[in-house]
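Here is the structure we will look at.
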Amino acid sequence: MLRDGLKMKGAEGSIVVNAPVAAVYKRWLEFEDYPKFIDVIKRVRRLDANHFVASLAFNRRQYETMLEVLLRVPERRLAWRTMTDHNALDHRATGVVSFVSHPDQSTCVTLKLTSSFRGAVSRRVDRYLQNFKRLVEGQGDRKTRKSDP
């Protein structure tokens, strides 16, 4: 629980993507493509190397939040958080994605997500990973299904 009384829920999921770790990591770094696999994100605008503005639609409401990249370990790990602002004081999220190369040139992607947004975080993590796998493997350039909390 956060100091202001917000409850954070966390979930973790993994998936094997049939692509080399360098390609998978590079694709995850394409923040502007997040709406293609994270369906609550509608648009991402880069401010600088580590800051992005994301437009979200969640629980039938629109939000805009700043994302900050906290850690980049090439081809191994990426961590980020949302930054609190006056428009979304009660909505926070953090995430860590890890990449492990397999000998067959596939990559295990593990996503840990903690969020104050209501809804089934574990179901969202699994859906985001499935969408990402389809996108990387060339099956998912289409828009993902509508968000559901």
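Chain labels run A, B, ... following the order of the structure tokens; each chain numbers its residues from 1, and ligands are numbered from 1 in the order shown.
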
What lies within 9 Å of Met83 (chain A) using only C-alpha atoms, ignoring chain neighbours under 5 positions off, as a compact mmCIF listing (two decimals) with C-alpha atoms, in the first residue's frame?
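As a result, selection13.txt now contains:
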# COMPACT_ATOMS: atom_id res chain seq x y z
CA THR A 65 0.67 10.15 -17.60
CA MET A 66 4.41 10.51 -17.81
CA LEU A 67 6.46 7.33 -18.06
CA GLU A 68 10.04 7.35 -16.85
CA ARG A 92 0.47 4.64 -10.51
CA ALA A 93 2.29 1.79 -12.16

Alpha helix (DSSP H) per DSSP on the backbone: members of region 18-136 of chain A, as number ranges by chain:
A: 21-28, 121-136

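Between CA of Arg27 (chain A) and CA of Lys133 (chain A) the separation is 10.5 Å.
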
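What separates CA of Val73 (chain A) from CA of His51 (chain A) is a distance of 16.7 Å.
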
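Atom pair CA of Ala19 (chain A) / CA of Phe52 (chain A): separated by 26.5 Å.
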
Pick out each residue of region 3-93 of chain A that DSSP on the backbone tags as strand (DSSP E); I need them as an NGL selection string.
:A and (9-17 or 41-48 or 51-58 or 61-73 or 77-83 or 93)

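Of the residues under consideration (A:Arg60, A:Arg76, A:Lys36, A:Arg124), A:Arg76 shows the shortest atom-to-atom contact distance to Thr110 (chain A) when counting only C-alpha atoms.
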
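Excluding Val109 (chain A) and any residue on its chain fewer than 6 positions from it, the residues at most 8 Å away by only C-alpha atoms are Ser14, Ile15, Val16, Val17, Val97, Ser98, Phe99, Val100 and Leu129 of chain A.
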
Give me a file of those residues, with N, CA and C atoms, as a CSV table (one decimal), in the first residue's frame.
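And here is the file that came out, part_19.csv:
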chain,number,residue,atom,x,y,z
A,14,SER,N,5.4,-14.8,-18.0
A,14,SER,CA,6.5,-15.0,-18.9
A,14,SER,C,5.9,-15.6,-20.2
A,15,ILE,N,6.7,-15.4,-21.2
A,15,ILE,CA,6.3,-16.0,-22.5
A,15,ILE,C,7.6,-16.2,-23.3
A,16,VAL,N,7.6,-17.2,-24.2
A,16,VAL,CA,8.8,-17.5,-25.0
A,16,VAL,C,8.4,-16.9,-26.4
A,17,VAL,N,9.3,-16.0,-26.9
A,17,VAL,CA,9.1,-15.4,-28.2
A,17,VAL,C,10.1,-16.0,-29.2
A,97,VAL,N,10.7,-5.6,-17.2
A,97,VAL,CA,10.7,-6.7,-18.2
A,97,VAL,C,12.1,-7.2,-18.3
A,98,SER,N,12.2,-8.5,-18.3
A,98,SER,CA,13.5,-9.2,-18.3
A,98,SER,C,13.5,-10.1,-19.6
A,99,PHE,N,14.7,-10.2,-20.1
A,99,PHE,CA,14.9,-11.0,-21.4
A,99,PHE,C,16.0,-12.0,-21.1
A,100,VAL,N,15.7,-13.3,-21.5
A,100,VAL,CA,16.7,-14.4,-21.3
A,100,VAL,C,16.8,-15.1,-22.7
A,129,LEU,N,1.6,-9.8,-22.9
A,129,LEU,CA,2.7,-10.7,-23.3
A,129,LEU,C,2.3,-11.5,-24.6

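Of the residues listed (A:Leu71, A:Leu113, A:Leu78, A:Ala49), A:Leu113 shows the shortest atom-to-atom separation from Ala11 (chain A); distances use only C-alpha atoms.
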
Among A:Val24, A:Val125, A:Leu70, A:Val40, Ala54 (chain A) is approached most closely, using only C-alpha atoms, by A:Val40
